[in-house]
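Please read the structure below before turning to the comments.
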Amino acid sequence: MNFVFISPQFPSSYWQFCDRLSKRGVTVLGIGDTPYDRLADEVKSSLAEYYWVSSLENYDEVSRAVAFLMWKYGRIDWIESNNEHWLGLDARLRSDFNVGTGPDAFEAQVLTSKADMKVYYARAGVPSARQTRLRGREDAVAFAEGTPTRAGVGWPIIAKPERGVGSLGVRRLDDAEALEAFLREWDGSDYLLEECVSGTIVAYDAIVDSHGEPVFENMDVFPPSMLDVATDGLDLTYMTPPTVDPNLARVGRRCIESFALRSRFVHLEFFRLDHDMEGLGRAGDYVGLEVNVRPPGGLTPDMMNFAHSCDVYDIWAAMVCEDGCSWRDEGDPYWCIYASRRNGRPYAHSRDEVRAAFGGPLLIDKPVPGALAGEMGDHLYIARFETEGQAQEFARYVQETL
């Protein structure tokens with residue numbers, strides 16, 4: 001099997017996808033924009049060959065790289081980055097090189113459109129926030145405040161790009177004045193307006209086989225203020241619990257079926273309502289937020305490993321190679337927590353003090369790459385504990401300020 005992995009060097013932990021494939025006998029061929037001599041040794045050792053391109057944004061250059069690797073190694077069986085930023089590139093390459101193990105260019109357009117997602121949520125029987133396209137001030141105010149014949153969703157409303165990465169470009173508009181300010185900056189690109197849903201953001205992660213059956217499931221819990229983390233420079237805390245809420249698993253599996261997700265890692269985001277909302281559900285119900293046809297970002301796959309005492313990189317590789325996996329959640333269960341800090345903030349406890357206080361449970365302690373710092377903070381700490389209370393106390397200690 002020949003597997004082309006796009007950008008195996010970023011994020012820094014993604015070489016492990018290549019490593020697990022390689023250990024299963026797959027010929028893993030990397031294409032990236034980091035010169036070979038700057039690659040980490042573990043990235044180099046996980047690849048049969050690496051083809052450097054000056055920019056992954058240059059499709060002609062990347063396409064020539066795939067063509068060369070096909071000429072040298074034969075038919076390409078998979079093309080994948082597992083990276084949200086390159087999903088469109090992956091899909092276009094699959095279409096052009098007749099690789100059927102993943103969404104093609106047309107399917108990717110649907111799967112990355114926050115407007116098209118609404119249709120599939122409805123088919124799955126999963127409620128989602130009311131939405132409209134941004135056309136101008138009059139329509140936007142009518143959406144929020146209503147018209148004589150239609151009730152509005154109320155302020156605040158959320159403005160988001162129809163296609164975007166993470167929270168980039170997403171704004172909460174609290175009133176008509178905030179809308180006016182946003183419209184003065186708006187460049188006319190495709191934007192959507194949504195009603196603001198009050199609740200905790202919860203993710204359902206799964207590795208799905210070619211029949212749409214999850215061979216691995218996971219749950220992540222994010223703060224209700226997730227949007228403000230990037231816009232206001234807040235500290236970020238989120239957790240991976242040791243088990244998945246059965247209600248979340250049922251909703252996630254219905255979405256997998258409706259969106260026809262196959263042979264991949266998926267990250268499905270939901271709101272868990274903190275109070276009853278008309279048209280959406282009762283407190284505790286799950287409301288569709290966004291479907292992502294890739295793993296969760298950053299070091300979340302590693303947090304899954306810590307929480308479940310497993311190796312999701314190998315579970316994913318087993319799905320690719322065997323269309324399944326014999327893994328069972330039989331290891332010790334933990335609450336894994338991520339707590340970040342911002343540069344320049346006066347924290348009460350030094351890095352050395354954090355290490356001394358939590359030396360055993362503390363598993364990762366390092367700076368966040370600049371490309372991810374806006375959402376993830378400047379410095380991260382990841383630890384695991386036997387109870388949720390211990391995990392929360394760790395985050396309080398790390399992020400306490402003077």
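Within each chain, counting starts at residue 1; across the structure tokens, chains are named A, B, ... in the order shown, with ligands numbered 1 upward in that order.
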Hey, what's within 12 Å of A:Met277 if we count only C-alpha atoms and toss same-chain stuff fewer than 2 positions away? As a PyMOL selection string, please?
-> chain A and resi 127-130+153+195-199+271-275+279-287
Could you give me the residues within stretch 172-318 of chain A that DSSP places in strand (DSSP E), as a PyMOL selection string?
-> chain A and resi 172-173+191-195+199-208+214-222+237-240+264-273+286-292
Might you pull out every residue within 9 Å of stretch 4-10 of chain A, with only C-alpha atoms counted and same-chain residues fewer than 6 positions away left off, and present them as a list in words?
->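 The neighbour list is Gln16, Phe17, Cys18, Thr27, Val28, Leu29, Gly30, Ile31, Gly32, Asp33, Thr34, Leu39, Ala40, Val43, Leu47, Leu56, Val66, Leu69, Ile76, Asp77, Trp78, Ile79, Glu80, Ser81, Asn82, Asn83, Trp86, Leu89 and Asp90 of chain A.
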Please, could you write that set of residues out with C-alpha atoms as a PDB file, in the first residue's frame?
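Output contents, as saved in out.pdb:
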ATOM      1  CA  GLN A  16       3.024   9.168  14.664  1.00  0.00           C
ATOM      2  CA  PHE A  17       0.276   8.493  12.098  1.00  0.00           C
ATOM      3  CA  CYS A  18       3.053   7.834   9.567  1.00  0.00           C
ATOM      4  CA  THR A  27       4.981   2.706   2.162  1.00  0.00           C
ATOM      5  CA  VAL A  28       4.465   6.192   3.594  1.00  0.00           C
ATOM      6  CA  LEU A  29       5.417   9.064   1.289  1.00  0.00           C
ATOM      7  CA  GLY A  30       5.482  12.554   2.781  1.00  0.00           C
ATOM      8  CA  ILE A  31       4.931  15.874   1.027  1.00  0.00           C
ATOM      9  CA  GLY A  32       5.642  19.014   3.055  1.00  0.00           C
ATOM     10  CA  ASP A  33       6.937  22.563   2.990  1.00  0.00           C
ATOM     11  CA  THR A  34       9.699  22.113   5.571  1.00  0.00           C
ATOM     12  CA  LEU A  39      12.642  17.671   9.823  1.00  0.00           C
ATOM     13  CA  ALA A  40      12.726  16.003  13.229  1.00  0.00           C
ATOM     14  CA  VAL A  43       9.506  12.337  11.011  1.00  0.00           C
ATOM     15  CA  LEU A  47       8.723   7.967   5.897  1.00  0.00           C
ATOM     16  CA  LEU A  56       1.584  23.539   0.034  1.00  0.00           C
ATOM     17  CA  VAL A  66       2.231  13.276  -6.210  1.00  0.00           C
ATOM     18  CA  LEU A  69       5.793   9.599  -6.257  1.00  0.00           C
ATOM     19  CA  ILE A  76      -1.304   5.763  -4.747  1.00  0.00           C
ATOM     20  CA  ASP A  77      -3.875   4.126  -2.449  1.00  0.00           C
ATOM     21  CA  TRP A  78      -4.422   6.919   0.090  1.00  0.00           C
ATOM     22  CA  ILE A  79      -3.870  10.691   0.220  1.00  0.00           C
ATOM     23  CA  GLU A  80      -4.444  12.288   3.615  1.00  0.00           C
ATOM     24  CA  SER A  81      -3.186  15.052   5.902  1.00  0.00           C
ATOM     25  CA  ASN A  82      -5.543  14.624   8.887  1.00  0.00           C
ATOM     26  CA  ASN A  83      -5.228  18.430   9.054  1.00  0.00           C
ATOM     27  CA  TRP A  86      -5.373  20.878   4.014  1.00  0.00           C
ATOM     28  CA  LEU A  89      -6.013  20.036  -0.949  1.00  0.00           C
ATOM     29  CA  ASP A  90      -6.340  16.365   0.026  1.00  0.00           C
TER      30      ASP A  90
END
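Taking only C-alpha atoms, the non-local environment of A:Leu179 within 12 Å (same-chain residues fewer than 6 positions away omitted) comprises Leu134, Gly136, Arg137, Glu138, Asp139, Ala140, Val141, Ala142, Phe143, Ala144, Trp155, Pro156, Ile157, Ile158, Ala159, Arg171, Arg172, Leu173, Glu185, Trp186 and Leu193 of chain A.
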Export N, CA and C atoms of the chosen residues as a PDB file, in the first residue's frame?
ATOM      1  N   LEU A 134     -25.341  36.072   5.407  1.00  0.00           N
ATOM      2  CA  LEU A 134     -25.155  37.499   5.601  1.00  0.00           C
ATOM      3  C   LEU A 134     -25.229  38.196   4.247  1.00  0.00           C
ATOM      4  N   GLY A 136     -26.487  41.779   4.289  1.00  0.00           N
ATOM      5  CA  GLY A 136     -26.394  43.199   4.590  1.00  0.00           C
ATOM      6  C   GLY A 136     -27.076  43.511   5.902  1.00  0.00           C
ATOM      7  N   ARG A 137     -27.080  44.794   6.270  1.00  0.00           N
ATOM      8  CA  ARG A 137     -27.578  45.196   7.581  1.00  0.00           C
ATOM      9  C   ARG A 137     -29.051  44.865   7.769  1.00  0.00           C
ATOM     10  N   GLU A 138     -29.876  45.175   6.797  1.00  0.00           N
ATOM     11  CA  GLU A 138     -31.318  45.025   6.963  1.00  0.00           C
ATOM     12  C   GLU A 138     -31.694  43.569   7.238  1.00  0.00           C
ATOM     13  N   ASP A 139     -31.152  42.660   6.435  1.00  0.00           N
ATOM     14  CA  ASP A 139     -31.461  41.242   6.638  1.00  0.00           C
ATOM     15  C   ASP A 139     -30.909  40.746   7.969  1.00  0.00           C
ATOM     16  N   ALA A 140     -29.725  41.213   8.349  1.00  0.00           N
ATOM     17  CA  ALA A 140     -29.108  40.760   9.590  1.00  0.00           C
ATOM     18  C   ALA A 140     -29.918  41.217  10.802  1.00  0.00           C
ATOM     19  N   VAL A 141     -30.369  42.468  10.796  1.00  0.00           N
ATOM     20  CA  VAL A 141     -31.182  42.967  11.904  1.00  0.00           C
ATOM     21  C   VAL A 141     -32.508  42.213  11.966  1.00  0.00           C
ATOM     22  N   ALA A 142     -33.091  41.937  10.811  1.00  0.00           N
ATOM     23  CA  ALA A 142     -34.354  41.190  10.776  1.00  0.00           C
ATOM     24  C   ALA A 142     -34.166  39.785  11.338  1.00  0.00           C
ATOM     25  N   PHE A 143     -33.014  39.167  11.044  1.00  0.00           N
ATOM     26  CA  PHE A 143     -32.728  37.828  11.577  1.00  0.00           C
ATOM     27  C   PHE A 143     -32.682  37.860  13.099  1.00  0.00           C
ATOM     28  N   ALA A 144     -32.055  38.891  13.649  1.00  0.00           N
ATOM     29  CA  ALA A 144     -31.917  38.987  15.104  1.00  0.00           C
ATOM     30  C   ALA A 144     -33.186  39.483  15.780  1.00  0.00           C
ATOM     31  N   TRP A 155     -30.648  38.841  20.131  1.00  0.00           N
ATOM     32  CA  TRP A 155     -29.218  39.107  20.285  1.00  0.00           C
ATOM     33  C   TRP A 155     -28.697  38.333  21.502  1.00  0.00           C
ATOM     34  N   PRO A 156     -27.432  37.936  21.501  1.00  0.00           N
ATOM     35  CA  PRO A 156     -26.430  38.103  20.443  1.00  0.00           C
ATOM     36  C   PRO A 156     -26.633  37.093  19.315  1.00  0.00           C
ATOM     37  N   ILE A 157     -25.975  37.361  18.185  1.00  0.00           N
ATOM     38  CA  ILE A 157     -25.911  36.394  17.093  1.00  0.00           C
ATOM     39  C   ILE A 157     -24.445  36.133  16.773  1.00  0.00           C
ATOM     40  N   ILE A 158     -24.203  35.028  16.082  1.00  0.00           N
ATOM     41  CA  ILE A 158     -22.837  34.630  15.727  1.00  0.00           C
ATOM     42  C   ILE A 158     -22.638  34.815  14.226  1.00  0.00           C
ATOM     43  N   ALA A 159     -21.560  35.496  13.854  1.00  0.00           N
ATOM     44  CA  ALA A 159     -21.164  35.618  12.456  1.00  0.00           C
ATOM     45  C   ALA A 159     -19.956  34.710  12.226  1.00  0.00           C
ATOM     46  N   ARG A 171     -17.231  35.793  14.965  1.00  0.00           N
ATOM     47  CA  ARG A 171     -17.493  36.933  15.849  1.00  0.00           C
ATOM     48  C   ARG A 171     -18.845  36.782  16.521  1.00  0.00           C
ATOM     49  N   ARG A 172     -18.938  37.184  17.774  1.00  0.00           N
ATOM     50  CA  ARG A 172     -20.228  37.292  18.449  1.00  0.00           C
ATOM     51  C   ARG A 172     -20.665  38.752  18.389  1.00  0.00           C
ATOM     52  N   LEU A 173     -21.860  38.977  17.876  1.00  0.00           N
ATOM     53  CA  LEU A 173     -22.395  40.328  17.732  1.00  0.00           C
ATOM     54  C   LEU A 173     -23.490  40.509  18.764  1.00  0.00           C
ATOM     55  N   GLU A 185     -16.106  46.190   8.521  1.00  0.00           N
ATOM     56  CA  GLU A 185     -14.886  45.408   8.273  1.00  0.00           C
ATOM     57  C   GLU A 185     -15.104  44.293   7.257  1.00  0.00           C
ATOM     58  N   TRP A 186     -16.350  43.898   7.061  1.00  0.00           N
ATOM     59  CA  TRP A 186     -16.682  42.751   6.212  1.00  0.00           C
ATOM     60  C   TRP A 186     -16.256  43.002   4.768  1.00  0.00           C
ATOM     61  N   LEU A 193     -24.900  33.895   9.503  1.00  0.00           N
ATOM     62  CA  LEU A 193     -25.326  34.360  10.811  1.00  0.00           C
ATOM     63  C   LEU A 193     -26.106  33.242  11.478  1.00  0.00           C
TER      64      LEU A 193
END
Pick from A:Gly377, A:Gly370, A:Pro301, A:Gly288, whichever lies nearest to A:Leu268 using only C-alpha atoms |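 Nearest candidate to A:Leu268 out of A:Gly377, A:Gly370, A:Pro301, A:Gly288: A:Gly288.
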Surrounding residues of stretch 353-365 of chain A excluding itself and chain neighbours under 4 positions, 8 Å, only C-alpha atoms, as a PDB file with C-alpha atoms, in the first residue's frame:
ATOM      1  CA  HIS A 349       3.078  29.660  40.281  1.00  0.00           C
ATOM      2  CA  HIS A 379       2.359  27.435  26.801  1.00  0.00           C
ATOM      3  CA  LEU A 380       0.536  24.180  27.512  1.00  0.00           C
ATOM      4  CA  TYR A 381       0.408  21.704  30.353  1.00  0.00           C
ATOM      5  CA  ILE A 382      -1.262  18.310  29.955  1.00  0.00           C
ATOM      6  CA  ALA A 383      -1.824  16.024  32.923  1.00  0.00           C
ATOM      7  CA  ARG A 384      -4.052  13.114  33.894  1.00  0.00           C
ATOM      8  CA  PHE A 385      -5.781  12.219  37.125  1.00  0.00           C
ATOM      9  CA  PHE A 394      -4.601  21.180  38.568  1.00  0.00           C
ATOM     10  CA  TYR A 397      -3.194  25.919  40.139  1.00  0.00           C
ATOM     11  CA  VAL A 398      -1.638  26.328  36.687  1.00  0.00           C
TER      12      VAL A 398
END
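Checking A:Arg253, A:Asp352, A:Asp235, A:Thr300 one by one against A:Glu400, counting only C-alpha atoms, you find the shortest gap at A:Asp235.
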Students should find that atom CA of A:Glu217 and atom CA of A:Ser22 are spaced 23.7 Å
Near A:Ser263, counting only C-alpha atoms, which residues have an atom at most 6 Å away, once you skip same-chain residues fewer than 2 positions from it, shown as a short mmCIF file (atom, residue, chain, number, x, y, z; two decimals) with N, CA and C atoms, in the first residue's frame?
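Final output, around_5.cif:
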data_model
loop_
_atom_site.label_atom_id
_atom_site.label_comp_id
_atom_site.auth_asym_id
_atom_site.auth_seq_id
_atom_site.Cartn_x
_atom_site.Cartn_y
_atom_site.Cartn_z
N VAL A 208 -13.56 5.80 12.20
CA VAL A 208 -14.68 5.14 11.53
C VAL A 208 -14.17 4.25 10.41
N ASP A 209 -14.70 3.02 10.32
CA ASP A 209 -14.26 2.11 9.26
C ASP A 209 -15.03 2.38 7.96
N SER A 210 -14.81 1.55 6.95
CA SER A 210 -15.41 1.79 5.63
C SER A 210 -16.91 1.55 5.61
#
Using only C-alpha atoms, pick whichever of A:Gly331, A:Pro161, A:Pro242, A:Gly212 has the shortest atom-to-atom distance to A:Tyr191.
->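 For A:Tyr191, the nearest of the candidates is A:Pro161.
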Which residues in stretch 184-396 of chain A does DSSP call helix (DSSP H, G or I)? List them as number ranges by chain.
-> A: 184-185, 226-231, 246-258, 300-308, 312-322, 351-357, 373-376, 388-396
Atomic distance atom CA of A:Leu234 - atom CA of A:Leu168, expressed in Å with one decimal = 15.3 Å
Write out as a short mmCIF file (atom, residue, chain, number, x, y, z; two decimals) with N, CA and C atoms, in the first residue's frame which residues come within 7 Å of A:Pro224 when counting only C-alpha atoms, dropping same-chain ones fewer than 2 positions away.
data_model
loop_
_atom_site.label_atom_id
_atom_site.label_comp_id
_atom_site.auth_asym_id
_atom_site.auth_seq_id
_atom_site.Cartn_x
_atom_site.Cartn_y
_atom_site.Cartn_z
N GLY A 199 -24.48 26.97 26.00
CA GLY A 199 -24.15 25.64 26.49
C GLY A 199 -22.67 25.35 26.42
N THR A 200 -22.29 24.21 26.93
CA THR A 200 -20.91 23.74 26.89
C THR A 200 -20.64 23.09 25.54
N ILE A 201 -19.46 23.33 24.99
CA ILE A 201 -19.08 22.67 23.73
C ILE A 201 -18.50 21.30 24.07
N PHE A 222 -15.19 21.18 26.32
CA PHE A 222 -14.58 22.50 26.20
C PHE A 222 -15.38 23.53 27.00
N MET A 226 -15.44 29.25 24.74
CA MET A 226 -14.41 28.87 23.78
C MET A 226 -14.16 29.96 22.73
#
